[in-house]
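Participant: See protein_26.pdb below, with PDB, C-alpha atoms, pLDDT in the B column.
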```pdb
ATOM      1  CA  MET A 896       0.000   0.000   0.000  1.00 46.00           C
ATOM      2  CA  PRO A 897       1.380   3.470  -0.888  1.00 48.00           C
ATOM      3  CA  ALA A 898       2.641   5.344   2.187  1.00 45.00           C
ATOM      4  CA  GLU A 899       0.230   8.232   1.755  1.00 44.00           C
ATOM      5  CA  MET A 900      -2.772   5.864   1.684  1.00 42.00           C
ATOM      6  CA  GLU A 901      -1.588   4.120   4.848  1.00 48.00           C
ATOM      7  CA  VAL A 902      -1.267   7.498   6.571  1.00 43.00           C
ATOM      8  CA  GLU A 903      -4.787   8.452   5.466  1.00 46.00           C
ATOM      9  CA  ARG A 904      -6.174   5.160   6.758  1.00 49.00           C
ATOM     10  CA  GLU A 905      -4.433   5.609  10.105  1.00 50.00           C
ATOM     11  CA  SER A 906      -5.916   9.087  10.399  1.00 48.00           C
ATOM     12  CA  LEU A 907      -9.391   7.565  10.154  1.00 50.00           C
ATOM     13  CA  ARG A 908      -8.832   5.144  13.033  1.00 55.00           C
ATOM     14  CA  GLY A 909     -11.071   5.951  15.966  1.00 59.00           C
ATOM     15  CA  LYS A 910     -13.586   7.691  13.714  1.00 79.00           C
ATOM     16  CA  SER A 911     -16.923   6.085  12.869  1.00 86.00           C
ATOM     17  CA  VAL A 912     -17.411   5.770   9.116  1.00 94.00           C
ATOM     18  CA  LYS A 913     -20.673   4.148   8.110  1.00 96.00           C
ATOM     19  CA  LEU A 914     -21.356   2.601   4.715  1.00 97.00           C
ATOM     20  CA  THR A 915     -24.666   4.190   3.693  1.00 96.00           C
ATOM     21  CA  GLU A 916     -27.282   3.335   1.108  1.00 96.00           C
ATOM     22  CA  GLY A 917     -26.278   6.362  -0.941  1.00 95.00           C
ATOM     23  CA  MET A 918     -22.640   5.288  -0.997  1.00 96.00           C
ATOM     24  CA  VAL A 919     -23.562   1.749  -2.061  1.00 96.00           C
ATOM     25  CA  LEU A 920     -25.877   2.861  -4.864  1.00 96.00           C
ATOM     26  CA  ALA A 921     -23.326   5.346  -6.154  1.00 94.00           C
ATOM     27  CA  LYS A 922     -20.467   2.836  -6.217  1.00 94.00           C
ATOM     28  CA  ALA A 923     -22.582   0.005  -7.637  1.00 94.00           C
ATOM     29  CA  ARG A 924     -24.409   2.294 -10.079  1.00 93.00           C
ATOM     30  CA  SER A 925     -27.701   0.737  -9.038  1.00 93.00           C
ATOM     31  CA  SER A 926     -31.130   2.097  -8.184  1.00 91.00           C
ATOM     32  CA  ASP A 927     -31.856  -0.176  -5.219  1.00 92.00           C
ATOM     33  CA  LEU A 928     -29.913  -2.200  -2.659  1.00 92.00           C
ATOM     34  CA  GLU A 929     -31.583  -5.547  -3.309  1.00 90.00           C
ATOM     35  CA  ASN A 930     -30.235  -5.778  -6.857  1.00 92.00           C
ATOM     36  CA  VAL A 931     -26.588  -5.049  -5.994  1.00 96.00           C
ATOM     37  CA  LYS A 932     -24.470  -8.161  -6.596  1.00 97.00           C
ATOM     38  CA  LYS A 933     -20.927  -6.758  -6.482  1.00 97.00           C
ATOM     39  CA  LEU A 934     -19.473  -3.975  -4.381  1.00 97.00           C
ATOM     40  CA  ASN A 935     -15.939  -2.702  -3.857  1.00 97.00           C
ATOM     41  CA  CYS A 936     -15.351  -0.220  -1.036  1.00 96.00           C
ATOM     42  CA  TRP A 937     -11.581  -0.428  -0.699  1.00 93.00           C
ATOM     43  CA  GLY A 938      -9.696   1.895   1.627  1.00 94.00           C
ATOM     44  CA  ILE A 939     -12.292   4.431   2.783  1.00 94.00           C
ATOM     45  CA  GLY A 940     -12.003   3.896   6.553  1.00 95.00           C
ATOM     46  CA  LEU A 941     -15.246   1.973   7.037  1.00 97.00           C
ATOM     47  CA  THR A 942     -16.182   0.913  10.567  1.00 96.00           C
ATOM     48  CA  ASP A 943     -19.928   0.218  10.154  1.00 97.00           C
ATOM     49  CA  VAL A 944     -21.089  -2.118   7.361  1.00 97.00           C
ATOM     50  CA  SER A 945     -24.515  -2.978   8.799  1.00 96.00           C
ATOM     51  CA  ILE A 946     -26.018  -2.008   5.430  1.00 96.00           C
ATOM     52  CA  PHE A 947     -25.123  -5.501   4.148  1.00 97.00           C
ATOM     53  CA  ALA A 948     -28.000  -6.898   6.220  1.00 95.00           C
ATOM     54  CA  GLN A 949     -30.251  -5.251   3.607  1.00 94.00           C
ATOM     55  CA  MET A 950     -28.449  -6.754   0.598  1.00 96.00           C
ATOM     56  CA  PRO A 951     -29.522 -10.415   0.251  1.00 94.00           C
ATOM     57  CA  LYS A 952     -28.426 -10.721  -3.395  1.00 96.00           C
ATOM     58  CA  ILE A 953     -24.853  -9.501  -2.939  1.00 97.00           C
ATOM     59  CA  GLU A 954     -22.362 -12.062  -4.278  1.00 98.00           C
ATOM     60  CA  VAL A 955     -18.960 -10.362  -4.148  1.00 98.00           C
ATOM     61  CA  ILE A 956     -17.860  -7.901  -1.459  1.00 98.00           C
ATOM     62  CA  GLY A 957     -14.552  -6.055  -1.402  1.00 98.00           C
ATOM     63  CA  VAL A 958     -13.957  -4.079   1.792  1.00 97.00           C
ATOM     64  CA  SER A 959     -10.207  -4.467   2.223  1.00 97.00           C
ATOM     65  CA  VAL A 960      -8.082  -1.756   3.836  1.00 97.00           C
ATOM     66  CA  ASN A 961     -10.740  -0.387   6.194  1.00 97.00           C
ATOM     67  CA  ASN A 962     -11.297  -0.384   9.967  1.00 97.00           C
ATOM     68  CA  ILE A 963     -13.940  -3.132  10.263  1.00 97.00           C
ATOM     69  CA  THR A 964     -13.858  -5.126  13.519  1.00 96.00           C
ATOM     70  CA  HIS A 965     -16.767  -7.592  13.128  1.00 95.00           C
ATOM     71  CA  LEU A 966     -18.097 -10.047  10.511  1.00 97.00           C
ATOM     72  CA  GLU A 967     -21.585 -10.273  11.972  1.00 95.00           C
ATOM     73  CA  HIS A 968     -23.376  -8.261   9.293  1.00 95.00           C
ATOM     74  CA  PHE A 969     -22.054 -10.412   6.443  1.00 97.00           C
ATOM     75  CA  SER A 970     -24.034 -13.350   7.845  1.00 96.00           C
ATOM     76  CA  HIS A 971     -27.167 -11.810   6.301  1.00 95.00           C
ATOM     77  CA  CYS A 972     -25.875 -12.284   2.744  1.00 97.00           C
ATOM     78  CA  PRO A 973     -26.917 -15.845   1.745  1.00 96.00           C
ATOM     79  CA  ASN A 974     -25.645 -15.463  -1.832  1.00 97.00           C
ATOM     80  CA  LEU A 975     -22.190 -14.217  -0.865  1.00 98.00           C
ATOM     81  CA  SER A 976     -19.510 -16.257  -2.652  1.00 97.00           C
ATOM     82  CA  GLU A 977     -16.447 -14.000  -2.326  1.00 98.00           C
ATOM     83  CA  LEU A 978     -15.433 -11.803   0.601  1.00 98.00           C
ATOM     84  CA  TYR A 979     -12.277  -9.685   0.470  1.00 98.00           C
ATOM     85  CA  ILE A 980     -11.663  -8.113   3.882  1.00 98.00           C
ATOM     86  CA  ARG A 981      -7.871  -8.083   4.290  1.00 97.00           C
ATOM     87  CA  LYS A 982      -6.134  -5.275   6.178  1.00 97.00           C
ATOM     88  CA  ASN A 983      -8.933  -4.438   8.580  1.00 97.00           C
ATOM     89  CA  CYS A 984      -9.108  -4.530  12.401  1.00 97.00           C
ATOM     90  CA  ILE A 985     -10.626  -7.966  13.080  1.00 97.00           C
ATOM     91  CA  ALA A 986      -8.894  -9.200  16.231  1.00 96.00           C
ATOM     92  CA  ASP A 987     -11.123 -12.145  17.211  1.00 95.00           C
ATOM     93  CA  LEU A 988     -10.760 -15.141  14.881  1.00 96.00           C
ATOM     94  CA  GLY A 989     -14.028 -16.431  16.321  1.00 95.00           C
ATOM     95  CA  GLN A 990     -15.755 -13.844  14.123  1.00 96.00           C
ATOM     96  CA  VAL A 991     -15.371 -16.371  11.301  1.00 97.00           C
ATOM     97  CA  TRP A 992     -18.275 -18.271  12.887  1.00 96.00           C
ATOM     98  CA  TYR A 993     -20.598 -15.656  11.401  1.00 96.00           C
ATOM     99  CA  LEU A 994     -19.598 -16.833   7.917  1.00 96.00           C
ATOM    100  CA  ARG A 995     -20.431 -20.457   8.726  1.00 93.00           C
ATOM    101  CA  LYS A 996     -24.068 -20.026   7.677  1.00 89.00           C
ATOM    102  CA  LEU A 997     -23.190 -18.776   4.156  1.00 95.00           C
ATOM    103  CA  PRO A 998     -23.671 -21.841   1.894  1.00 92.00           C
ATOM    104  CA  LYS A 999     -22.140 -20.271  -1.227  1.00 95.00           C
ATOM    105  CA  LEU A1000     -19.003 -18.724   0.274  1.00 97.00           C
ATOM    106  CA  ARG A1001     -15.990 -20.099  -1.595  1.00 96.00           C
ATOM    107  CA  VAL A1002     -13.367 -17.316  -1.478  1.00 98.00           C
ATOM    108  CA  LEU A1003     -12.238 -15.516   1.686  1.00 98.00           C
ATOM    109  CA  TRP A1004      -9.315 -13.126   2.001  1.00 98.00           C
ATOM    110  CA  LEU A1005      -8.804 -12.360   5.687  1.00 98.00           C
ATOM    111  CA  ALA A1006      -5.021 -11.948   5.804  1.00 97.00           C
ATOM    112  CA  ASP A1007      -3.364  -8.900   7.389  1.00 97.00           C
ATOM    113  CA  ASN A1008      -5.971  -8.683  10.147  1.00 97.00           C
ATOM    114  CA  PRO A1009      -4.816  -9.071  13.775  1.00 97.00           C
ATOM    115  CA  CYS A1010      -6.706 -12.386  13.961  1.00 96.00           C
ATOM    116  CA  ALA A1011      -4.553 -13.857  11.184  1.00 97.00           C
ATOM    117  CA  ALA A1012      -1.323 -13.699  13.181  1.00 94.00           C
ATOM    118  CA  GLY A1013      -1.756 -16.984  15.082  1.00 90.00           C
ATOM    119  CA  GLU A1014       0.125 -20.157  14.164  1.00 92.00           C
ATOM    120  CA  LYS A1015      -3.118 -22.119  13.643  1.00 95.00           C
ATOM    121  CA  TYR A1016      -4.968 -19.340  11.856  1.00 97.00           C
ATOM    122  CA  ARG A1017      -5.420 -21.144   8.531  1.00 97.00           C
ATOM    123  CA  THR A1018      -6.332 -24.563   9.960  1.00 97.00           C
ATOM    124  CA  THR A1019      -8.821 -22.982  12.359  1.00 97.00           C
ATOM    125  CA  VAL A1020     -10.558 -21.011   9.612  1.00 97.00           C
ATOM    126  CA  LEU A1021     -10.829 -24.139   7.452  1.00 96.00           C
ATOM    127  CA  LYS A1022     -12.192 -26.128  10.379  1.00 95.00           C
ATOM    128  CA  ILE A1023     -15.045 -23.642  10.679  1.00 95.00           C
ATOM    129  CA  LEU A1024     -15.422 -23.068   6.917  1.00 95.00           C
ATOM    130  CA  PRO A1025     -14.587 -26.408   5.225  1.00 93.00           C
ATOM    131  CA  ASN A1026     -16.354 -25.403   1.994  1.00 93.00           C
ATOM    132  CA  LEU A1027     -13.848 -22.689   1.111  1.00 95.00           C
ATOM    133  CA  GLN A1028     -12.029 -23.205  -2.179  1.00 95.00           C
ATOM    134  CA  LYS A1029      -9.549 -20.382  -1.667  1.00 97.00           C
ATOM    135  CA  LEU A1030      -8.318 -18.733   1.537  1.00 98.00           C
ATOM    136  CA  ASP A1031      -6.048 -15.674   1.307  1.00 97.00           C
ATOM    137  CA  ASN A1032      -5.468 -16.294  -2.405  1.00 95.00           C
ATOM    138  CA  ILE A1033      -4.226 -19.854  -1.740  1.00 96.00           C
ATOM    139  CA  THR A1034      -6.207 -22.826  -3.059  1.00 96.00           C
ATOM    140  CA  VAL A1035      -7.704 -25.116  -0.415  1.00 95.00           C
ATOM    141  CA  THR A1036      -7.268 -28.884  -0.876  1.00 93.00           C
ATOM    142  CA  ASN A1037      -9.395 -31.725   0.497  1.00 91.00           C
ATOM    143  CA  ASP A1038      -6.407 -33.107   2.399  1.00 93.00           C
ATOM    144  CA  GLU A1039      -5.875 -29.689   3.981  1.00 94.00           C
ATOM    145  CA  VAL A1040      -9.499 -29.551   5.145  1.00 93.00           C
ATOM    146  CA  ASN A1041      -9.308 -33.053   6.603  1.00 93.00           C
ATOM    147  CA  GLN A1042      -6.156 -32.126   8.519  1.00 94.00           C
ATOM    148  CA  ALA A1043      -7.753 -28.877   9.677  1.00 94.00           C
ATOM    149  CA  MET A1044     -10.497 -30.888  11.387  1.00 93.00           C
ATOM    150  CA  LEU A1045      -7.775 -32.359  13.586  1.00 92.00           C
ATOM    151  CA  ASP A1046      -5.403 -29.418  14.000  1.00 93.00           C
ATOM    152  CA  GLY A1047      -7.710 -26.410  14.012  1.00 94.00           C
ATOM    153  CA  GLU A1048      -8.552 -24.741  17.300  1.00 93.00           C
ATOM    154  CA  ASP A1049     -11.997 -25.040  18.912  1.00 91.00           C
ATOM    155  CA  LEU A1050     -12.980 -21.398  19.141  1.00 90.00           C
ATOM    156  CA  PRO A1051     -15.903 -20.127  21.233  1.00 87.00           C
ATOM    157  CA  LEU A1052     -18.784 -18.383  19.543  1.00 86.00           C
ATOM    158  CA  PRO A1053     -18.201 -14.634  19.189  1.00 83.00           C
ATOM    159  CA  SER A1054     -20.042 -12.036  21.221  1.00 72.00           C
ATOM    160  CA  PRO A1055     -22.485  -9.966  19.138  1.00 69.00           C
ATOM    161  CA  SER A1056     -21.358  -6.423  18.406  1.00 60.00           C
ATOM    162  CA  LEU A1057     -23.297  -3.596  20.026  1.00 50.00           C
ATOM    163  CA  THR A1058     -25.316  -1.864  17.329  1.00 44.00           C
ATOM    164  CA  ASN A1059     -27.372   1.265  17.952  1.00 42.00           C
ATOM    165  CA  GLY A1060     -26.934   0.801  21.686  1.00 41.00           C
ATOM    166  CA  HIS A1061     -28.658  -2.597  21.662  1.00 43.00           C
ATOM    167  CA  ILE A1062     -27.558  -4.851  24.528  1.00 42.00           C
ATOM    168  CA  PRO A1063     -27.778  -8.560  23.551  1.00 47.00           C
ATOM    169  CA  SER A1064     -30.327 -10.560  25.566  1.00 48.00           C
ATOM    170  CA  SER A1065     -30.317 -14.267  26.409  1.00 49.00           C
ATOM    171  CA  GLU A1066     -32.746 -14.776  23.521  1.00 50.00           C
ATOM    172  CA  ASP A1067     -30.293 -13.084  21.148  1.00 48.00           C
ATOM    173  CA  LYS A1068     -27.577 -15.471  22.329  1.00 49.00           C
ATOM    174  CA  GLU A1069     -29.761 -18.551  21.780  1.00 49.00           C
ATOM    175  CA  ASN A1070     -30.662 -17.398  18.275  1.00 49.00           C
ATOM    176  CA  ARG A1071     -27.001 -16.722  17.521  1.00 47.00           C
ATOM    177  CA  ASP A1072     -25.870 -20.130  18.806  1.00 46.00           C
ATOM    178  CA  SER A1073     -28.482 -22.051  16.821  1.00 46.00           C
ATOM    179  CA  SER A1074     -27.826 -20.103  13.616  1.00 45.00           C
ATOM    180  CA  ILE A1075     -24.182 -21.212  13.478  1.00 50.00           C
ATOM    181  CA  GLU A1076     -24.562 -24.752  14.789  1.00 47.00           C
ATOM    182  CA  PHE A1077     -21.806 -27.213  13.779  1.00 48.00           C
ATOM    183  CA  MET A1078     -22.544 -30.489  12.035  1.00 50.00           C
ATOM    184  CA  THR A1079     -21.256 -33.379  14.179  1.00 54.00           C
ATOM    185  CA  LEU A1080     -18.936 -35.954  12.654  1.00 58.00           C
ATOM    186  CA  GLU A1081     -21.459 -38.668  13.478  1.00 62.00           C
ATOM    187  CA  GLU A1082     -24.053 -37.029  11.235  1.00 56.00           C
ATOM    188  CA  THR A1083     -21.411 -36.356   8.580  1.00 57.00           C
ATOM    189  CA  ASN A1084     -20.386 -40.030   8.506  1.00 61.00           C
ATOM    190  CA  THR A1085     -24.002 -41.135   8.079  1.00 65.00           C
ATOM    191  CA  ILE A1086     -24.202 -39.053   4.923  1.00 55.00           C
ATOM    192  CA  ARG A1087     -20.785 -40.259   3.728  1.00 55.00           C
ATOM    193  CA  GLU A1088     -21.939 -43.869   4.031  1.00 63.00           C
ATOM    194  CA  GLN A1089     -25.092 -43.085   2.058  1.00 60.00           C
ATOM    195  CA  LEU A1090     -22.902 -41.629  -0.685  1.00 52.00           C
ATOM    196  CA  GLY A1091     -20.560 -44.608  -0.692  1.00 56.00           C
ATOM    197  CA  LEU A1092     -17.649 -42.723   0.910  1.00 53.00           C
ATOM    198  CA  LYS A1093     -15.364 -43.884   3.713  1.00 54.00           C
ATOM    199  CA  PRO A1094     -16.289 -42.478   7.148  1.00 59.00           C
ATOM    200  CA  LEU A1095     -13.896 -40.063   8.781  1.00 58.00           C
ATOM    201  CA  PRO A1096     -11.966 -41.307  11.843  1.00 58.00           C
ATOM    202  CA  VAL A1097     -14.055 -41.395  15.009  1.00 54.00           C
ATOM    203  CA  GLU A1098     -11.351 -39.364  16.776  1.00 55.00           C
ATOM    204  CA  ARG A1099     -12.529 -36.315  14.861  1.00 50.00           C
ATOM    205  CA  LEU A1100     -15.955 -36.405  16.503  1.00 45.00           C
ATOM    206  CA  ARG A1101     -14.724 -34.372  19.463  1.00 47.00           C
ATOM    207  CA  ASN A1102     -13.119 -31.790  17.185  1.00 47.00           C
ATOM    208  CA  GLN A1103     -16.149 -31.455  14.930  1.00 47.00           C
ATOM    209  CA  MET A1104     -18.765 -30.886  17.649  1.00 46.00           C
ATOM    210  CA  SER A1105     -20.068 -27.383  18.093  1.00 46.00           C
ATOM    211  CA  PRO A1106     -18.764 -25.271  20.959  1.00 47.00           C
ATOM    212  CA  ALA A1107     -22.385 -24.958  22.134  1.00 46.00           C
ATOM    213  CA  LYS A1108     -22.643 -28.730  22.518  1.00 44.00           C
ATOM    214  CA  LEU A1109     -19.267 -28.982  24.196  1.00 43.00           C
ATOM    215  CA  ARG A1110     -20.449 -26.435  26.742  1.00 44.00           C
ATOM    216  CA  GLY A1111     -23.688 -28.375  27.221  1.00 40.00           C
ATOM    217  CA  SER A1112     -25.793 -25.305  26.503  1.00 39.00           C
ATOM    218  CA  HIS A1113     -28.146 -27.128  24.111  1.00 41.00           C
ATOM    219  CA  GLY A1114     -30.414 -29.965  25.039  1.00 41.00           C
ATOM    220  CA  GLY A1115     -30.961 -31.022  21.431  1.00 43.00           C
ATOM    221  CA  ILE A1116     -31.042 -29.948  17.820  1.00 42.00           C
ATOM    222  CA  THR A1117     -34.198 -28.558  16.274  1.00 47.00           C
ATOM    223  CA  GLY A1118     -35.486 -29.953  12.998  1.00 49.00           C
ATOM    224  CA  ARG A1119     -34.662 -26.725  11.222  1.00 48.00           C
ATOM    225  CA  SER A1120     -31.060 -26.495  12.434  1.00 47.00           C
ATOM    226  CA  ARG A1121     -30.478 -30.207  11.744  1.00 52.00           C
ATOM    227  CA  SER A1122     -31.698 -29.697   8.174  1.00 56.00           C
ATOM    228  CA  SER A1123     -29.269 -26.802   7.820  1.00 52.00           C
ATOM    229  CA  ASN A1124     -26.456 -28.972   9.199  1.00 55.00           C
ATOM    230  CA  VAL A1125     -27.204 -31.809   6.779  1.00 62.00           C
ATOM    231  CA  LEU A1126     -27.151 -29.368   3.855  1.00 66.00           C
ATOM    232  CA  SER A1127     -23.764 -28.040   4.953  1.00 60.00           C
ATOM    233  CA  ALA A1128     -22.347 -31.567   5.124  1.00 64.00           C
ATOM    234  CA  VAL A1129     -23.747 -32.551   1.714  1.00 71.00           C
ATOM    235  CA  LEU A1130     -22.217 -29.493   0.054  1.00 68.00           C
ATOM    236  CA  THR A1131     -18.855 -30.372   1.592  1.00 64.00           C
ATOM    237  CA  LEU A1132     -19.005 -34.005   0.487  1.00 70.00           C
ATOM    238  CA  LEU A1133     -19.863 -33.127  -3.121  1.00 68.00           C
ATOM    239  CA  LYS A1134     -16.246 -32.063  -3.611  1.00 65.00           C
ATOM    240  CA  GLU A1135     -15.135 -35.680  -3.182  1.00 67.00           C
ATOM    241  CA  LEU A1136     -17.446 -37.221  -5.786  1.00 71.00           C
ATOM    242  CA  ASP A1137     -16.535 -38.036  -9.377  1.00 71.00           C
ATOM    243  CA  GLU A1138     -18.824 -37.422 -12.353  1.00 74.00           C
ATOM    244  CA  GLU A1139     -20.581 -40.804 -12.123  1.00 70.00           C
ATOM    245  CA  SER A1140     -21.261 -40.404  -8.415  1.00 72.00           C
ATOM    246  CA  LEU A1141     -22.559 -36.875  -8.936  1.00 75.00           C
ATOM    247  CA  GLU A1142     -25.061 -38.199 -11.483  1.00 72.00           C
ATOM    248  CA  VAL A1143     -26.301 -40.707  -8.896  1.00 72.00           C
ATOM    249  CA  VAL A1144     -26.755 -37.924  -6.356  1.00 77.00           C
ATOM    250  CA  ALA A1145     -28.520 -35.724  -8.941  1.00 78.00           C
ATOM    251  CA  ASN A1146     -30.986 -38.504  -9.785  1.00 74.00           C
ATOM    252  CA  ALA A1147     -31.633 -39.168  -6.097  1.00 75.00           C
ATOM    253  CA  CYS A1148     -32.352 -35.464  -5.579  1.00 79.00           C
ATOM    254  CA  LYS A1149     -34.837 -35.463  -8.472  1.00 71.00           C
ATOM    255  CA  GLU A1150     -36.641 -38.510  -7.083  1.00 70.00           C
ATOM    256  CA  ARG A1151     -36.767 -36.928  -3.645  1.00 71.00           C
ATOM    257  CA  LEU A1152     -38.210 -33.670  -5.011  1.00 72.00           C
ATOM    258  CA  VAL A1153     -40.909 -35.601  -6.876  1.00 69.00           C
ATOM    259  CA  SER A1154     -41.878 -37.468  -3.711  1.00 70.00           C
ATOM    260  CA  LEU A1155     -42.269 -34.298  -1.605  1.00 67.00           C
TER     261      LEU A1155
END
```
Since I need it in another form, could you write the structure as structure tokens?

Facilitator:
Amino acid sequence: MPAEMEVERESLRGKSVKLTEGMVLAKARSSDLENVKKLNCWGIGLTDVSIFAQMPKIEVIGVSVNNITHLEHFSHCPNLSELYIRKNCIADLGQVWYLRKLPKLRVLWLADNPCAAGEKYRTTVLKILPNLQKLDNITVTNDEVNQAMLDGEDLPLPSPSLTNGHIPSSEDKENRDSSIEFMTLEETNTIREQLGLKPLPVERLRNQMSPAKLRGSHGGITGRSRSSNVLSAVLTLLKELDEESLEVVANACKERLVSL
């Protein structure tokens, strides 16, 4: 980064800079937020990106070189496939949990944030986001993901950021925990067997369980969250199938849809 730009960015630290609807529409050259699919807001000192909660169709977001500290608002973008957020102020690696519920996210660039300094940074991110195809401009391999399940750290769920003076309640916490529930290895292996794949080692069960379950804060899994977990596992396992196997899965999906 040119020295003068780094100086300008440093001068904006401590100041609140909110990404507004007007800024988004001007940069995206669009007439309404819902139709914006790509947005690049590089290096303008952003601290508040809550506007993304109103942009369900956004697919590519570039907000590198800003002063963003949380990833919470990106969790409202179900179509997000690429997120470039390097050189910001994200200190808690647990913030990555908020990206867990994004089924289409394949590219994440998180390098040069304080949270990326740890020795197990990459393995921990891949343990939480096993569907990534590229992390920090480096391709993710299946072997790397499998190893990450063993070596990655078990991070606690992040605390919600305070927005507009709102103090999180116990109900907020329960909703947050259930929205980013982990799929257990036991459930993953059931699906692997159905697809004709070898089950993962049982030793990984402890590493793959959600922090909420490890803390004993949940008595069970609701039907809705279990369905979400199964979907996450299926999308992960598709990477391991060849063309013939994918055709079998496609036909099974068609038959299932007809029967519903």

Participant: Interatomic distance between CA of Asp1046 (chain A) and CA of Asn1026 (chain A)?

Facilitator: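 CA of Asp1046 (chain A) sits 16.7 Å away from CA of Asn1026 (chain A).
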
Participant: For Ile1033 (chain A), list every protein, DNA or RNA residue within 12 Å, evaluated using all atoms listed in the file, and leave out those in the same chain fewer than 6 positions away; present the list as a list in words.

Facilitator: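 Listing them by chain and then by number gives Arg1001, Val1002, Leu1003, Trp1004, Leu1005, Ala1006, Arg1017, Leu1027 and Glu1039 of chain A.
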
Participant: Given the selection you just returned, output its residues as a file containing C-alpha atoms, formatted as a short mmCIF file (atom, residue, chain, number, x, y, z; two decimals), in the coordinates of the input.

Facilitator:
```cif
data_model
loop_
_atom_site.label_atom_id
_atom_site.label_comp_id
_atom_site.auth_asym_id
_atom_site.auth_seq_id
_atom_site.Cartn_x
_atom_site.Cartn_y
_atom_site.Cartn_z
CA ARG A 1001 -15.99 -20.10 -1.60
CA VAL A 1002 -13.37 -17.32 -1.48
CA LEU A 1003 -12.24 -15.52 1.69
CA TRP A 1004 -9.32 -13.13 2.00
CA LEU A 1005 -8.80 -12.36 5.69
CA ALA A 1006 -5.02 -11.95 5.80
CA ARG A 1017 -5.42 -21.14 8.53
CA LEU A 1027 -13.85 -22.69 1.11
CA GLU A 1039 -5.88 -29.69 3.98
#
```

Participant: Which residue, A:Glu954, A:Thr915, A:Asp943, A:Lys910, has the smallest gap to Asn930 (chain A) when you use all atoms listed in the file?

Facilitator: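 Result for the nearest residue to Asn930 (chain A): A:Glu954.
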
Participant: If you measure from CA of Lys1015 (chain A) to CA of Leu1030 (chain A), what distance in Å do you get, rounded to one decimal?

Facilitator: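 Distance between the two atoms: 13.6 Å.
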
Participant: Counting all atoms listed in the file, which of A:Met1044, A:Arg924, A:Val919, A:Val960 gets nearest to Ile939 (chain A)?

Facilitator: A:Val960

Participant: Using the chain letters and numbering of this document, enumerate as a CSV table (one decimal) with C-alpha atoms, keeping the file's coordinate frame the residues selected by the PyMOL selection byres ((chain A and resi 970) around 7).

Facilitator:
```csv
chain,number,residue,atom,x,y,z
A,967,GLU,CA,-21.6,-10.3,12.0
A,968,HIS,CA,-23.4,-8.3,9.3
A,969,PHE,CA,-22.1,-10.4,6.4
A,971,HIS,CA,-27.2,-11.8,6.3
A,972,CYS,CA,-25.9,-12.3,2.7
A,993,TYR,CA,-20.6,-15.7,11.4
A,994,LEU,CA,-19.6,-16.8,7.9
A,996,LYS,CA,-24.1,-20.0,7.7
A,997,LEU,CA,-23.2,-18.8,4.2
```

Participant: Within 7 Å of (-24.3, -15.1, -0.5) in the file's own coordinates, which protein, DNA or RNA residues have an atom, counting all atoms listed in the file? List them as a PDB file with C-alpha atoms, keeping the file's coordinate frame.

Facilitator:
```
ATOM      1  CA  LYS A 952     -28.426 -10.721  -3.395  1.00 96.00           C
ATOM      2  CA  ILE A 953     -24.853  -9.501  -2.939  1.00 97.00           C
ATOM      3  CA  GLU A 954     -22.362 -12.062  -4.278  1.00 98.00           C
ATOM      4  CA  CYS A 972     -25.875 -12.284   2.744  1.00 97.00           C
ATOM      5  CA  PRO A 973     -26.917 -15.845   1.745  1.00 96.00           C
ATOM      6  CA  ASN A 974     -25.645 -15.463  -1.832  1.00 97.00           C
ATOM      7  CA  LEU A 975     -22.190 -14.217  -0.865  1.00 98.00           C
ATOM      8  CA  SER A 976     -19.510 -16.257  -2.652  1.00 97.00           C
ATOM      9  CA  LEU A 997     -23.190 -18.776   4.156  1.00 95.00           C
ATOM     10  CA  LYS A 999     -22.140 -20.271  -1.227  1.00 95.00           C
ATOM     11  CA  LEU A1000     -19.003 -18.724   0.274  1.00 97.00           C
TER      12      LEU A1000
END
```

Participant: Between CA of Leu1136 (chain A) and CA of Pro998 (chain A), what distance in Å does the model show, to one decimal?

Facilitator: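 Atom-to-atom, CA of Leu1136 (chain A) to CA of Pro998 (chain A), that is 18.3 Å.
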
Participant: Exactly which residues make up the result of the PyMOL selection byres ((chain A and resi 1007) around 12) on this file, given as a ChimeraX atom specification?

Facilitator: /A:959-962,979-986,1004-1006,1008-1013,1016,1031
